[in-house]
Structures are given as structure tokens and as C-alpha cells.
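Enquirer: Next up is a structure, given as C-alpha cells.
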Amino acid sequence: MKKIDPSNLYGVIGLGRFGAALVKTLAEAGKEVIAIDKNEERVREVRAYTDYAFVVDNLSETALKETGMQNCGTVTVCIGEQIDMSILTTMLVIKLGVPNVIAKATNEVHGEVLKRMGATVVYPEADMAVRIGRRLIYGNLLDYVALAGGVEVRRITVGGHAVGRSIQELDVRKVFGINIVAVERDGRTDVEFPASYRFSQGDTVAVIGKIDKIDRFEKELQD
């Protein structure tokens, strides 16, 4: 494997619907992804998105190292149904020294074990229910990803007084305590944009921060 900045290299273990969708999303955002699963067909399906997709029958520490998983900045363990395998694999990834380990959990007890090991836990089914609920509540809300610690990533359509103003003028980091991580316009997504960028009606921003602060920012955009 060519030398890749760990912050731009992601690992996905388990290529069910959640894992495969994660690989696709990361790859389409320009990230390098190491994807592994014991099912050859699943691995073959994600090879359209990454050159580093491997069939691994035995998720041992040696097997994980052979795929280069220890070089990742973030690894997501998407083995929710097999709880024993999920816990063992998460433990091995943490042991490899990966700085950010995320693990899928099927219930609160499973999640608590993963948390105690040092992983960030996600509950895909529960998160989807919350996402749908928030879409019903906020007509302006396009997408929503819940993270640990009351933090989320949210995509919001720009409107109101923000139209025609620049990122620097809005100064959302200082005023609202959140960060803009991407700007979308005319079907194109930019993650590198100048502070002088001026918003047009219909632009979409992806922001990250505490939920209450994002709520305040979104309300401000609608006023």
C-alpha cells in the first residue's frame, strides 16, 4: 500500500448494509478506505469504491495487520449481530493502536461493553429513527449524524440573512461555537473553501458541533 496520511485513511470491518454504505460514503468524499469482510461477494461489491478491499476469514491480530488496519486514523467495526466477534475485533483494533475506534452495537449492554473498552459506540437503527424524526420536525434539515457526547454533524440549507454573506462575516465558530466542514452548491461539495466564500440561496452547509448550538444556528438561518 502506498504511504497515506493516517488522518485520511479509514478502516471498515464488516461489509453488511451499514459497513458497505460507510465505505461508499467515505470513498465518495475522497477518503482512502481499507474494507474487510469474510464474505467474498460483499468484498467484491465494494471494490468499486476502494482498491483496499480484502477477504479475511479469521479476524486475528495478524490478519488485521496484514491488511494495514493499524495504519488507519479511524476504524469502524460494523459487526453488530455477532456480539462476541464484535467485542473481540474491537479489542484487537484498539490493541493495534488505532487512535479512533468506532463500533456498531445492537443494544445498550453491548454498547456499554464497547464503551468501557474505549470505543465510540453507534446504534445505526436507533440513529436512523432519530434522523427520520428530526427530518419530520425540521423541514430544513437534510441530513443528520449523531456522534458521542451530544455532538452531531448536520447538513442545513442556507437561507435568511446568511444569503449574500461570507463565511468570515457569519463567523459561526465564534458566534455559535460550531464549525462549517463542507459547502455544497449546484451538486458539488467543497471541503476546502476560503473564508471569503459568499452564500447563495439554496447552498447547503455541513456543520459539526453540539446539538443545542447547531439548533440555534439553524434557527438563525430561518429567521
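By order in the C-alpha cells, chains are A, B, ...; within a chain, residues start at 1; ligands start at 1, following the order shown.
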Report as a PyMOL selection string all protein, DNA and RNA residues lying within 8 Å of A:Gly11, evaluated on only C-alpha atoms, omitting residues in the same chain fewer than 4 positions from it.
Expert: chain A and resi 33-35+69+72+74-76
Enquirer: With all heavy atoms kept, could you save the residues just selected as a PDB file, in the first residue's frame?
Expert:
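Full text of selection-v2.pdb as output:
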ATOM      1  N   VAL A  33      -9.969   3.990   1.933  1.00  0.00           N
ATOM      2  CA  VAL A  33     -10.639   3.077   2.849  1.00  0.00           C
ATOM      3  C   VAL A  33     -10.071   1.667   2.722  1.00  0.00           C
ATOM      4  O   VAL A  33      -9.911   1.151   1.615  1.00  0.00           O
ATOM      5  CB  VAL A  33     -12.163   3.024   2.565  1.00  0.00           C
ATOM      6  CG1 VAL A  33     -12.864   2.164   3.613  1.00  0.00           C
ATOM      7  CG2 VAL A  33     -12.764   4.417   2.531  1.00  0.00           C
ATOM      8  N   ILE A  34      -9.759   1.063   3.864  1.00  0.00           N
ATOM      9  CA  ILE A  34      -9.446  -0.367   3.915  1.00  0.00           C
ATOM     10  C   ILE A  34     -10.719  -1.071   4.376  1.00  0.00           C
ATOM     11  O   ILE A  34     -11.244  -0.769   5.450  1.00  0.00           O
ATOM     12  CB  ILE A  34      -8.308  -0.672   4.901  1.00  0.00           C
ATOM     13  CG1 ILE A  34      -7.022   0.044   4.484  1.00  0.00           C
ATOM     14  CG2 ILE A  34      -8.054  -2.175   4.980  1.00  0.00           C
ATOM     15  CD1 ILE A  34      -5.889  -0.092   5.494  1.00  0.00           C
ATOM     16  N   ALA A  35     -11.248  -1.967   3.556  1.00  0.00           N
ATOM     17  CA  ALA A  35     -12.503  -2.638   3.863  1.00  0.00           C
ATOM     18  C   ALA A  35     -12.289  -4.144   3.913  1.00  0.00           C
ATOM     19  O   ALA A  35     -11.660  -4.709   3.010  1.00  0.00           O
ATOM     20  CB  ALA A  35     -13.557  -2.299   2.819  1.00  0.00           C
ATOM     21  N   MET A  69      -4.590  -2.366   8.689  1.00  0.00           N
ATOM     22  CA  MET A  69      -5.584  -1.701   9.528  1.00  0.00           C
ATOM     23  C   MET A  69      -4.944  -0.826  10.607  1.00  0.00           C
ATOM     24  O   MET A  69      -5.504   0.196  11.017  1.00  0.00           O
ATOM     25  CB  MET A  69      -6.488  -2.758  10.169  1.00  0.00           C
ATOM     26  CG  MET A  69      -7.826  -2.248  10.647  1.00  0.00           C
ATOM     27  SD  MET A  69      -8.908  -1.605   9.323  1.00  0.00           S
ATOM     28  CE  MET A  69      -9.291  -3.088   8.400  1.00  0.00           C
ATOM     29  N   CYS A  72      -4.556   3.046  10.022  1.00  0.00           N
ATOM     30  CA  CYS A  72      -5.731   3.917   9.903  1.00  0.00           C
ATOM     31  C   CYS A  72      -5.824   4.903  11.062  1.00  0.00           C
ATOM     32  O   CYS A  72      -5.442   4.592  12.191  1.00  0.00           O
ATOM     33  CB  CYS A  72      -7.009   3.077   9.863  1.00  0.00           C
ATOM     34  SG  CYS A  72      -7.157   1.986   8.435  1.00  0.00           S
ATOM     35  N   THR A  74      -8.882   6.106  11.755  1.00  0.00           N
ATOM     36  CA  THR A  74     -10.190   5.717  12.296  1.00  0.00           C
ATOM     37  C   THR A  74     -10.582   4.360  11.731  1.00  0.00           C
ATOM     38  O   THR A  74     -10.459   4.130  10.528  1.00  0.00           O
ATOM     39  CB  THR A  74     -11.281   6.739  11.921  1.00  0.00           C
ATOM     40  OG1 THR A  74     -10.945   8.020  12.452  1.00  0.00           O
ATOM     41  CG2 THR A  74     -12.645   6.317  12.467  1.00  0.00           C
ATOM     42  N   VAL A  75     -11.038   3.474  12.598  1.00  0.00           N
ATOM     43  CA  VAL A  75     -11.560   2.179  12.161  1.00  0.00           C
ATOM     44  C   VAL A  75     -12.955   2.004  12.744  1.00  0.00           C
ATOM     45  O   VAL A  75     -13.174   2.232  13.936  1.00  0.00           O
ATOM     46  CB  VAL A  75     -10.661   1.009  12.611  1.00  0.00           C
ATOM     47  CG1 VAL A  75     -11.349  -0.335  12.341  1.00  0.00           C
ATOM     48  CG2 VAL A  75      -9.319   1.061  11.892  1.00  0.00           C
ATOM     49  N   THR A  76     -13.895   1.601  11.890  1.00  0.00           N
ATOM     50  CA  THR A  76     -15.257   1.332  12.339  1.00  0.00           C
ATOM     51  C   THR A  76     -15.523  -0.167  12.266  1.00  0.00           C
ATOM     52  O   THR A  76     -15.380  -0.772  11.208  1.00  0.00           O
ATOM     53  CB  THR A  76     -16.286   2.079  11.470  1.00  0.00           C
ATOM     54  OG1 THR A  76     -15.989   3.474  11.479  1.00  0.00           O
ATOM     55  CG2 THR A  76     -17.694   1.873  12.016  1.00  0.00           C
TER      56      THR A  76
END
Enquirer: When you look at stretch 85-101 of chain A with a cut-off of 12 Å (counting only C-alpha atoms), what residues show up, excluding the ones that are within fewer than 2 positions of it in the same chain? I need them as a compact mmCIF listing (two decimals) with all heavy atoms, in the first residue's frame.
Expert:
# COMPACT_ATOMS: atom_id res chain seq x y z
N PRO A 6 -2.51 9.00 7.92
CA PRO A 6 -3.48 8.27 8.74
C PRO A 6 -4.81 9.00 8.91
O PRO A 6 -5.86 8.37 9.03
CB PRO A 6 -2.77 8.09 10.07
CG PRO A 6 -1.31 8.13 9.73
CD PRO A 6 -1.20 9.10 8.59
N SER A 7 -4.76 10.34 8.93
CA SER A 7 -6.00 11.10 9.11
C SER A 7 -6.92 10.97 7.91
O SER A 7 -8.10 11.30 7.99
CB SER A 7 -5.68 12.58 9.38
OG SER A 7 -5.06 13.16 8.24
N LEU A 9 -7.04 8.00 6.15
CA LEU A 9 -7.18 6.56 5.92
C LEU A 9 -8.15 5.97 6.94
O LEU A 9 -7.96 6.12 8.15
CB LEU A 9 -5.82 5.87 6.04
CG LEU A 9 -5.79 4.36 5.81
CD1 LEU A 9 -6.28 4.01 4.41
CD2 LEU A 9 -4.38 3.82 6.02
N TYR A 10 -9.18 5.33 6.43
CA TYR A 10 -10.23 4.78 7.28
C TYR A 10 -10.33 3.27 7.10
O TYR A 10 -10.13 2.76 5.98
CB TYR A 10 -11.58 5.42 6.93
CG TYR A 10 -11.66 6.89 7.25
CD1 TYR A 10 -11.04 7.84 6.44
CD2 TYR A 10 -12.35 7.34 8.38
CE1 TYR A 10 -11.11 9.19 6.73
CE2 TYR A 10 -12.42 8.70 8.67
CZ TYR A 10 -11.80 9.61 7.85
OH TYR A 10 -11.86 10.95 8.14
N GLY A 11 -10.65 2.57 8.17
CA GLY A 11 -10.86 1.13 8.10
C GLY A 11 -12.32 0.81 8.38
O GLY A 11 -12.94 1.42 9.25
N VAL A 12 -12.86 -0.15 7.63
CA VAL A 12 -14.23 -0.62 7.87
C VAL A 12 -14.18 -2.14 7.94
O VAL A 12 -13.78 -2.80 6.99
CB VAL A 12 -15.20 -0.17 6.75
CG1 VAL A 12 -16.59 -0.74 7.01
CG2 VAL A 12 -15.25 1.35 6.68
N ILE A 13 -14.59 -2.68 9.06
CA ILE A 13 -14.59 -4.13 9.27
C ILE A 13 -16.02 -4.62 9.34
O ILE A 13 -16.78 -4.26 10.24
CB ILE A 13 -13.85 -4.49 10.57
CG1 ILE A 13 -12.41 -3.97 10.53
CG2 ILE A 13 -13.85 -6.00 10.78
CD1 ILE A 13 -11.64 -4.16 11.82
N GLY A 14 -16.41 -5.43 8.36
CA GLY A 14 -17.80 -5.90 8.26
C GLY A 14 -18.53 -5.12 7.19
O GLY A 14 -18.70 -3.90 7.32
N ILE A 36 -12.80 -4.79 4.96
CA ILE A 36 -12.62 -6.24 5.05
C ILE A 36 -13.91 -6.94 5.48
O ILE A 36 -14.74 -6.37 6.20
CB ILE A 36 -11.47 -6.63 6.01
CG1 ILE A 36 -11.81 -6.26 7.45
CG2 ILE A 36 -10.18 -5.99 5.59
CD1 ILE A 36 -10.76 -6.73 8.45
N ASN A 58 -10.44 -15.06 9.13
CA ASN A 58 -10.15 -15.10 10.57
C ASN A 58 -9.68 -13.73 11.03
O ASN A 58 -8.58 -13.28 10.68
CB ASN A 58 -9.07 -16.15 10.85
CG ASN A 58 -8.69 -16.20 12.32
OD1 ASN A 58 -9.48 -15.80 13.18
ND2 ASN A 58 -7.48 -16.67 12.60
N LEU A 59 -10.49 -13.06 11.83
CA LEU A 59 -10.15 -11.71 12.27
C LEU A 59 -9.19 -11.76 13.46
O LEU A 59 -9.51 -11.40 14.58
CB LEU A 59 -11.42 -10.94 12.64
CG LEU A 59 -12.29 -10.49 11.47
CD1 LEU A 59 -13.60 -9.91 11.97
CD2 LEU A 59 -11.54 -9.47 10.62
N SER A 60 -7.97 -12.17 13.18
CA SER A 60 -6.92 -12.21 14.19
C SER A 60 -6.11 -10.92 14.12
O SER A 60 -6.22 -10.14 13.16
CB SER A 60 -6.00 -13.40 13.96
OG SER A 60 -5.32 -13.26 12.72
N GLU A 61 -5.28 -10.70 15.12
CA GLU A 61 -4.41 -9.52 15.11
C GLU A 61 -3.48 -9.55 13.91
O GLU A 61 -3.25 -8.53 13.25
CB GLU A 61 -3.60 -9.46 16.41
CG GLU A 61 -2.73 -8.23 16.53
CD GLU A 61 -2.00 -8.16 17.85
OE1 GLU A 61 -2.24 -9.01 18.72
OE2 GLU A 61 -1.16 -7.25 18.01
N THR A 62 -2.94 -10.72 13.60
CA THR A 62 -2.05 -10.86 12.45
C THR A 62 -2.76 -10.53 11.15
O THR A 62 -2.23 -9.80 10.30
CB THR A 62 -1.49 -12.30 12.38
OG1 THR A 62 -0.76 -12.57 13.57
CG2 THR A 62 -0.57 -12.45 11.17
N ALA A 63 -3.98 -11.04 10.99
CA ALA A 63 -4.75 -10.78 9.77
C ALA A 63 -5.05 -9.29 9.61
O ALA A 63 -4.96 -8.74 8.51
CB ALA A 63 -6.04 -11.59 9.78
N LEU A 64 -5.40 -8.64 10.70
CA LEU A 64 -5.68 -7.20 10.65
C LEU A 64 -4.43 -6.42 10.26
O LEU A 64 -4.51 -5.47 9.46
CB LEU A 64 -6.22 -6.72 11.99
CG LEU A 64 -7.60 -7.23 12.40
CD1 LEU A 64 -7.94 -6.79 13.82
CD2 LEU A 64 -8.67 -6.75 11.43
N LYS A 65 -3.29 -6.80 10.80
CA LYS A 65 -2.04 -6.12 10.46
C LYS A 65 -1.69 -6.31 8.98
O LYS A 65 -1.19 -5.39 8.34
CB LYS A 65 -0.89 -6.65 11.32
CG LYS A 65 -0.88 -6.12 12.75
CD LYS A 65 0.33 -6.64 13.51
CE LYS A 65 0.42 -6.06 14.89
NZ LYS A 65 1.59 -6.57 15.65
N GLU A 66 -1.98 -7.50 8.46
CA GLU A 66 -1.66 -7.77 7.05
C GLU A 66 -2.47 -6.89 6.11
O GLU A 66 -2.02 -6.58 5.00
CB GLU A 66 -1.91 -9.25 6.74
CG GLU A 66 -0.86 -10.17 7.36
CD GLU A 66 -1.18 -11.64 7.14
OE1 GLU A 66 -2.30 -11.96 6.68
OE2 GLU A 66 -0.30 -12.48 7.43
N GLY A 68 -3.21 -3.82 6.84
CA GLY A 68 -2.77 -2.44 7.08
C GLY A 68 -3.70 -1.66 7.99
O GLY A 68 -3.61 -0.43 8.09
N MET A 69 -4.59 -2.37 8.69
CA MET A 69 -5.58 -1.70 9.53
C MET A 69 -4.94 -0.83 10.61
O MET A 69 -5.50 0.20 11.02
CB MET A 69 -6.49 -2.76 10.17
CG MET A 69 -7.83 -2.25 10.65
SD MET A 69 -8.91 -1.61 9.32
CE MET A 69 -9.29 -3.09 8.40
N GLN A 70 -3.74 -1.19 11.07
CA GLN A 70 -3.05 -0.42 12.12
C GLN A 70 -2.62 0.96 11.64
O GLN A 70 -2.27 1.82 12.45
CB GLN A 70 -1.84 -1.20 12.65
CG GLN A 70 -0.66 -1.27 11.71
CD GLN A 70 -0.79 -2.37 10.65
OE1 GLN A 70 -1.84 -3.00 10.53
NE2 GLN A 70 0.25 -2.61 9.89
N ASN A 71 -2.63 1.17 10.34
CA ASN A 71 -2.21 2.47 9.77
C ASN A 71 -3.36 3.48 9.69
O ASN A 71 -3.13 4.63 9.31
CB ASN A 71 -1.63 2.27 8.37
CG ASN A 71 -0.40 1.37 8.38
OD1 ASN A 71 0.46 1.52 9.25
ND2 ASN A 71 -0.31 0.44 7.45
N CYS A 72 -4.56 3.05 10.02
CA CYS A 72 -5.73 3.92 9.90
C CYS A 72 -5.82 4.90 11.06
O CYS A 72 -5.44 4.59 12.19
CB CYS A 72 -7.01 3.08 9.86
SG CYS A 72 -7.16 1.99 8.43
N GLY A 73 -6.35 6.07 10.77
CA GLY A 73 -6.65 7.03 11.82
C GLY A 73 -7.96 6.71 12.51
O GLY A 73 -8.14 6.98 13.70
N THR A 74 -8.88 6.11 11.76
CA THR A 74 -10.19 5.72 12.30
C THR A 74 -10.58 4.36 11.73
O THR A 74 -10.46 4.13 10.53
CB THR A 74 -11.28 6.74 11.92
OG1 THR A 74 -10.94 8.02 12.45
CG2 THR A 74 -12.64 6.32 12.47
N VAL A 75 -11.04 3.47 12.60
CA VAL A 75 -11.56 2.18 12.16
C VAL A 75 -12.96 2.00 12.74
O VAL A 75 -13.17 2.23 13.94
CB VAL A 75 -10.66 1.01 12.61
CG1 VAL A 75 -11.35 -0.34 12.34
CG2 VAL A 75 -9.32 1.06 11.89
N THR A 76 -13.90 1.60 11.89
CA THR A 76 -15.26 1.33 12.34
C THR A 76 -15.52 -0.17 12.27
O THR A 76 -15.38 -0.77 11.21
CB THR A 76 -16.29 2.08 11.47
OG1 THR A 76 -15.99 3.47 11.48
CG2 THR A 76 -17.69 1.87 12.02
N VAL A 77 -15.89 -0.74 13.39
CA VAL A 77 -16.21 -2.17 13.47
C VAL A 77 -17.72 -2.32 13.30
O VAL A 77 -18.49 -1.94 14.17
CB VAL A 77 -15.76 -2.77 14.81
CG1 VAL A 77 -16.09 -4.27 14.86
CG2 VAL A 77 -14.26 -2.55 15.02
N CYS A 78 -18.12 -2.87 12.15
CA CYS A 78 -19.54 -2.94 11.80
C CYS A 78 -20.08 -4.36 11.95
O CYS A 78 -20.80 -4.86 11.08
CB CYS A 78 -19.75 -2.45 10.38
SG CYS A 78 -19.04 -0.83 10.03
N ILE A 79 -19.72 -5.02 13.04
CA ILE A 79 -20.16 -6.40 13.28
C ILE A 79 -21.11 -6.38 14.46
O ILE A 79 -20.77 -6.81 15.55
CB ILE A 79 -18.96 -7.33 13.58
CG1 ILE A 79 -17.83 -7.10 12.58
CG2 ILE A 79 -19.38 -8.79 13.56
CD1 ILE A 79 -16.56 -7.87 12.92
N GLY A 80 -22.30 -5.85 14.25
CA GLY A 80 -23.22 -5.69 15.37
C GLY A 80 -23.91 -6.97 15.79
O GLY A 80 -24.16 -7.20 16.98
N GLU A 81 -24.25 -7.84 14.84
CA GLU A 81 -25.06 -9.02 15.14
C GLU A 81 -24.29 -10.07 15.94
O GLU A 81 -24.83 -10.69 16.84
CB GLU A 81 -25.60 -9.63 13.85
CG GLU A 81 -26.60 -8.74 13.10
CD GLU A 81 -25.94 -7.56 12.41
OE1 GLU A 81 -24.71 -7.63 12.21
OE2 GLU A 81 -26.64 -6.58 12.10
N GLN A 82 -23.02 -10.30 15.59
CA GLN A 82 -22.20 -11.27 16.31
C GLN A 82 -21.48 -10.54 17.44
O GLN A 82 -20.37 -10.04 17.28
CB GLN A 82 -21.19 -11.91 15.36
CG GLN A 82 -21.83 -12.73 14.24
CD GLN A 82 -20.78 -13.21 13.26
OE1 GLN A 82 -20.38 -12.48 12.35
NE2 GLN A 82 -20.33 -14.43 13.42
N ILE A 83 -22.14 -10.50 18.59
CA ILE A 83 -21.65 -9.67 19.69
C ILE A 83 -20.26 -10.09 20.16
O ILE A 83 -19.39 -9.24 20.40
CB ILE A 83 -22.66 -9.68 20.86
CG1 ILE A 83 -23.95 -8.98 20.43
CG2 ILE A 83 -22.06 -8.98 22.08
CD1 ILE A 83 -25.04 -8.99 21.48
N ALA A 103 -17.50 1.53 17.01
CA ALA A 103 -18.06 0.18 16.95
C ALA A 103 -19.58 0.23 16.93
O ALA A 103 -20.21 0.98 17.68
CB ALA A 103 -17.58 -0.67 18.12
N LYS A 104 -20.15 -0.58 16.06
CA LYS A 104 -21.61 -0.70 15.96
C LYS A 104 -22.11 -1.62 17.07
O LYS A 104 -21.54 -2.68 17.32
CB LYS A 104 -21.97 -1.28 14.59
CG LYS A 104 -23.43 -1.63 14.40
CD LYS A 104 -23.63 -2.31 13.06
CE LYS A 104 -25.05 -2.82 12.91
NZ LYS A 104 -25.24 -3.54 11.63
N ALA A 105 -23.19 -1.19 17.75
CA ALA A 105 -23.78 -2.01 18.81
C ALA A 105 -25.24 -2.28 18.52
O ALA A 105 -25.93 -1.47 17.88
CB ALA A 105 -23.64 -1.31 20.16
N THR A 106 -25.73 -3.42 18.99
CA THR A 106 -27.12 -3.79 18.74
C THR A 106 -28.03 -3.48 19.92
O THR A 106 -29.24 -3.39 19.77
CB THR A 106 -27.23 -5.30 18.42
OG1 THR A 106 -26.60 -6.04 19.47
CG2 THR A 106 -26.54 -5.61 17.11
N VAL A 109 -26.45 -2.96 26.41
CA VAL A 109 -25.45 -3.75 27.12
C VAL A 109 -24.22 -3.95 26.24
O VAL A 109 -23.08 -3.78 26.68
CB VAL A 109 -26.03 -5.12 27.55
CG1 VAL A 109 -24.94 -5.99 28.16
CG2 VAL A 109 -27.18 -4.92 28.53
N HIS A 110 -24.45 -4.33 24.98
CA HIS A 110 -23.36 -4.48 24.01
C HIS A 110 -22.59 -3.17 23.91
O HIS A 110 -21.35 -3.14 23.94
CB HIS A 110 -23.96 -4.87 22.66
CG HIS A 110 -22.98 -5.09 21.58
ND1 HIS A 110 -23.34 -5.16 20.24
CD2 HIS A 110 -21.62 -5.23 21.59
CE1 HIS A 110 -22.26 -5.36 19.52
NE2 HIS A 110 -21.21 -5.40 20.31
N GLY A 111 -23.33 -2.06 23.80
CA GLY A 111 -22.69 -0.76 23.67
C GLY A 111 -21.88 -0.37 24.88
O GLY A 111 -20.80 0.21 24.77
N GLU A 112 -22.38 -0.71 26.07
CA GLU A 112 -21.67 -0.37 27.30
C GLU A 112 -20.33 -1.09 27.38
O GLU A 112 -19.32 -0.52 27.81
CB GLU A 112 -22.53 -0.72 28.51
CG GLU A 112 -21.97 -0.25 29.83
CD GLU A 112 -21.81 1.26 29.92
OE1 GLU A 112 -22.63 1.98 29.32
OE2 GLU A 112 -20.85 1.70 30.58
N VAL A 113 -20.30 -2.36 26.96
CA VAL A 113 -19.05 -3.11 26.95
C VAL A 113 -18.04 -2.46 26.00
O VAL A 113 -16.86 -2.28 26.34
CB VAL A 113 -19.29 -4.58 26.53
CG1 VAL A 113 -17.96 -5.32 26.35
CG2 VAL A 113 -20.15 -5.29 27.56
N LEU A 114 -18.52 -2.09 24.82
CA LEU A 114 -17.65 -1.45 23.83
C LEU A 114 -17.11 -0.12 24.34
O LEU A 114 -15.94 0.22 24.14
CB LEU A 114 -18.39 -1.27 22.50
CG LEU A 114 -18.82 -2.55 21.79
CD1 LEU A 114 -19.77 -2.23 20.64
CD2 LEU A 114 -17.60 -3.31 21.26
N LYS A 115 -17.97 0.65 25.00
CA LYS A 115 -17.54 1.94 25.56
C LYS A 115 -16.46 1.76 26.60
O LYS A 115 -15.48 2.51 26.65
CB LYS A 115 -18.73 2.66 26.18
CG LYS A 115 -19.69 3.28 25.20
CD LYS A 115 -20.83 3.96 25.93
CE LYS A 115 -21.87 4.52 24.97
NZ LYS A 115 -23.02 5.12 25.69
N ARG A 116 -16.62 0.77 27.47
CA ARG A 116 -15.64 0.53 28.53
C ARG A 116 -14.28 0.11 27.95
O ARG A 116 -13.24 0.32 28.59
CB ARG A 116 -16.16 -0.54 29.48
CG ARG A 116 -17.30 -0.07 30.36
CD ARG A 116 -17.82 -1.16 31.27
NE ARG A 116 -18.92 -0.71 32.10
CZ ARG A 116 -18.80 -0.09 33.27
NH1 ARG A 116 -17.58 0.13 33.75
NH2 ARG A 116 -19.85 0.29 33.95
N MET A 117 -14.30 -0.43 26.74
CA MET A 117 -13.06 -0.81 26.08
C MET A 117 -12.36 0.40 25.45
O MET A 117 -11.20 0.32 25.07
CB MET A 117 -13.34 -1.86 25.00
CG MET A 117 -13.83 -3.19 25.56
SD MET A 117 -14.44 -4.29 24.27
CE MET A 117 -12.96 -4.49 23.30
N GLY A 118 -13.11 1.50 25.31
CA GLY A 118 -12.53 2.71 24.74
C GLY A 118 -13.02 3.07 23.36
O GLY A 118 -12.49 3.98 22.72
N ALA A 119 -14.06 2.37 22.89
CA ALA A 119 -14.59 2.65 21.55
C ALA A 119 -15.72 3.67 21.62
O ALA A 119 -16.41 3.79 22.64
CB ALA A 119 -15.11 1.37 20.91
N THR A 120 -15.89 4.42 20.54
CA THR A 120 -17.07 5.25 20.36
C THR A 120 -18.17 4.36 19.79
O THR A 120 -17.93 3.64 18.82
CB THR A 120 -16.78 6.41 19.39
OG1 THR A 120 -15.75 7.23 19.93
CG2 THR A 120 -18.02 7.25 19.15
N VAL A 121 -19.34 4.40 20.37
CA VAL A 121 -20.40 3.45 20.01
C VAL A 121 -21.48 4.13 19.17
O VAL A 121 -21.88 5.27 19.45
CB VAL A 121 -21.03 2.83 21.27
CG1 VAL A 121 -22.17 1.90 20.92
CG2 VAL A 121 -19.96 2.08 22.07
N VAL A 122 -21.94 3.43 18.15
CA VAL A 122 -23.07 3.91 17.34
C VAL A 122 -24.15 2.83 17.34
O VAL A 122 -23.86 1.64 17.39
CB VAL A 122 -22.65 4.24 15.90
CG1 VAL A 122 -21.70 5.42 15.87
CG2 VAL A 122 -22.02 3.03 15.20
Enquirer: Would you mind listing what lies within 8 Å of A:Asp37 as number ranges by chain, with only C-alpha atoms counted and same-chain residues fewer than 4 positions away left out?
Expert: A: 13-15, 42-43, 54-57
Enquirer: So that I have them on file, write out the residues from the current selection with C-alpha atoms, as a short mmCIF file (atom, residue, chain, number, x, y, z; two decimals), in the first residue's frame.
Expert:
data_model
loop_
_atom_site.label_atom_id
_atom_site.label_comp_id
_atom_site.auth_asym_id
_atom_site.auth_seq_id
_atom_site.Cartn_x
_atom_site.Cartn_y
_atom_site.Cartn_z
CA ILE A 13 -14.59 -4.13 9.27
CA GLY A 14 -17.80 -5.90 8.26
CA LEU A 15 -19.50 -5.10 4.96
CA ARG A 42 -19.55 -8.36 -0.22
CA VAL A 43 -15.87 -7.55 -0.67
CA PHE A 54 -9.88 -7.82 1.40
CA VAL A 55 -11.49 -11.15 2.21
CA VAL A 56 -10.47 -12.09 5.75
CA ASP A 57 -11.79 -15.35 7.16
#
Enquirer: I need the strand (DSSP E or B) residues of stretch 1-80 of chain A per DSSP on the backbone, written as a tab-separated table (two decimals) with N, CA, C and O atoms, in the first residue's frame.
Expert:
chain	number	residue	atom	x	y	z
A	9	LEU	N	-7.04	8.00	6.15
A	9	LEU	CA	-7.18	6.56	5.92
A	9	LEU	C	-8.15	5.97	6.94
A	9	LEU	O	-7.96	6.12	8.15
A	10	TYR	N	-9.18	5.33	6.43
A	10	TYR	CA	-10.23	4.78	7.28
A	10	TYR	C	-10.33	3.27	7.10
A	10	TYR	O	-10.13	2.76	5.98
A	11	GLY	N	-10.65	2.57	8.17
A	11	GLY	CA	-10.86	1.13	8.10
A	11	GLY	C	-12.32	0.81	8.38
A	11	GLY	O	-12.94	1.42	9.25
A	12	VAL	N	-12.86	-0.15	7.63
A	12	VAL	CA	-14.23	-0.62	7.87
A	12	VAL	C	-14.18	-2.14	7.94
A	12	VAL	O	-13.78	-2.80	6.99
A	13	ILE	N	-14.59	-2.68	9.06
A	13	ILE	CA	-14.59	-4.13	9.27
A	13	ILE	C	-16.02	-4.62	9.34
A	13	ILE	O	-16.78	-4.26	10.24
A	32	GLU	N	-9.39	7.45	1.60
A	32	GLU	CA	-8.90	6.10	1.32
A	32	GLU	C	-9.48	5.16	2.38
A	32	GLU	O	-9.48	5.48	3.57
A	33	VAL	N	-9.97	3.99	1.93
A	33	VAL	CA	-10.64	3.08	2.85
A	33	VAL	C	-10.07	1.67	2.72
A	33	VAL	O	-9.91	1.15	1.62
A	34	ILE	N	-9.76	1.06	3.86
A	34	ILE	CA	-9.45	-0.37	3.92
A	34	ILE	C	-10.72	-1.07	4.38
A	34	ILE	O	-11.24	-0.77	5.45
A	35	ALA	N	-11.25	-1.97	3.56
A	35	ALA	CA	-12.50	-2.64	3.86
A	35	ALA	C	-12.29	-4.14	3.91
A	35	ALA	O	-11.66	-4.71	3.01
A	36	ILE	N	-12.80	-4.79	4.96
A	36	ILE	CA	-12.62	-6.24	5.05
A	36	ILE	C	-13.91	-6.94	5.48
A	36	ILE	O	-14.74	-6.37	6.20
A	37	ASP	N	-14.07	-8.16	5.01
A	37	ASP	CA	-15.20	-8.99	5.37
A	37	ASP	C	-14.84	-10.43	5.02
A	37	ASP	O	-13.98	-10.67	4.16
A	52	TYR	N	-8.50	-1.24	-1.65
A	52	TYR	CA	-8.03	-1.98	-0.49
A	52	TYR	C	-9.17	-2.73	0.18
A	52	TYR	O	-9.51	-2.48	1.34
A	53	ALA	N	-9.81	-3.63	-0.56
A	53	ALA	CA	-10.89	-4.45	-0.04
A	53	ALA	C	-10.40	-5.90	0.02
A	53	ALA	O	-9.94	-6.44	-0.98
A	54	PHE	N	-10.48	-6.51	1.20
A	54	PHE	CA	-9.88	-7.82	1.40
A	54	PHE	C	-10.87	-8.81	2.01
A	54	PHE	O	-11.68	-8.44	2.87
A	55	VAL	N	-10.76	-10.06	1.57
A	55	VAL	CA	-11.49	-11.15	2.21
A	55	VAL	C	-10.64	-11.67	3.36
A	55	VAL	O	-9.50	-12.09	3.15
A	74	THR	N	-8.88	6.11	11.76
A	74	THR	CA	-10.19	5.72	12.30
A	74	THR	C	-10.58	4.36	11.73
A	74	THR	O	-10.46	4.13	10.53
A	75	VAL	N	-11.04	3.47	12.60
A	75	VAL	CA	-11.56	2.18	12.16
A	75	VAL	C	-12.96	2.00	12.74
A	75	VAL	O	-13.17	2.23	13.94
A	76	THR	N	-13.90	1.60	11.89
A	76	THR	CA	-15.26	1.33	12.34
A	76	THR	C	-15.52	-0.17	12.27
A	76	THR	O	-15.38	-0.77	11.21
A	77	VAL	N	-15.89	-0.74	13.39
A	77	VAL	CA	-16.21	-2.17	13.47
A	77	VAL	C	-17.72	-2.32	13.30
A	77	VAL	O	-18.49	-1.94	14.17
Enquirer: From the options A:Ser166, A:Thr157, A:Thr25, A:Asn39, which residue's atoms come nearest to A:Ala206, counting only C-alpha atoms?
Expert: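 Using only C-alpha atoms, the shortest distance to A:Ala206 belongs to A:Thr157.
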Enquirer: If you measure from atom CA of A:Asp212 to atom CA of A:Val191, what distance in Å do you get, rounded to one decimal?
Expert: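 Atom CA of A:Val191 lies at a distance of 23.6 Å from atom CA of A:Asp212.
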Enquirer: Hey, what does DSSP flag as helix (DSSP H, G or I) within stretch 53-208 of chain A? Can you give it to me as an MDAnalysis selection string?
Expert: chainID A and resid 61:67 69:71 83:95 108:117 124:137 148:150 160:162 167:170 172:175
Enquirer: Skipping near chain neighbours, those fewer than 5 positions away, what residues fall within 6 Å of A:Ile208 using only C-alpha atoms, listed as a PyMOL selection string?
Expert: chain A and resi 152-153+178-179
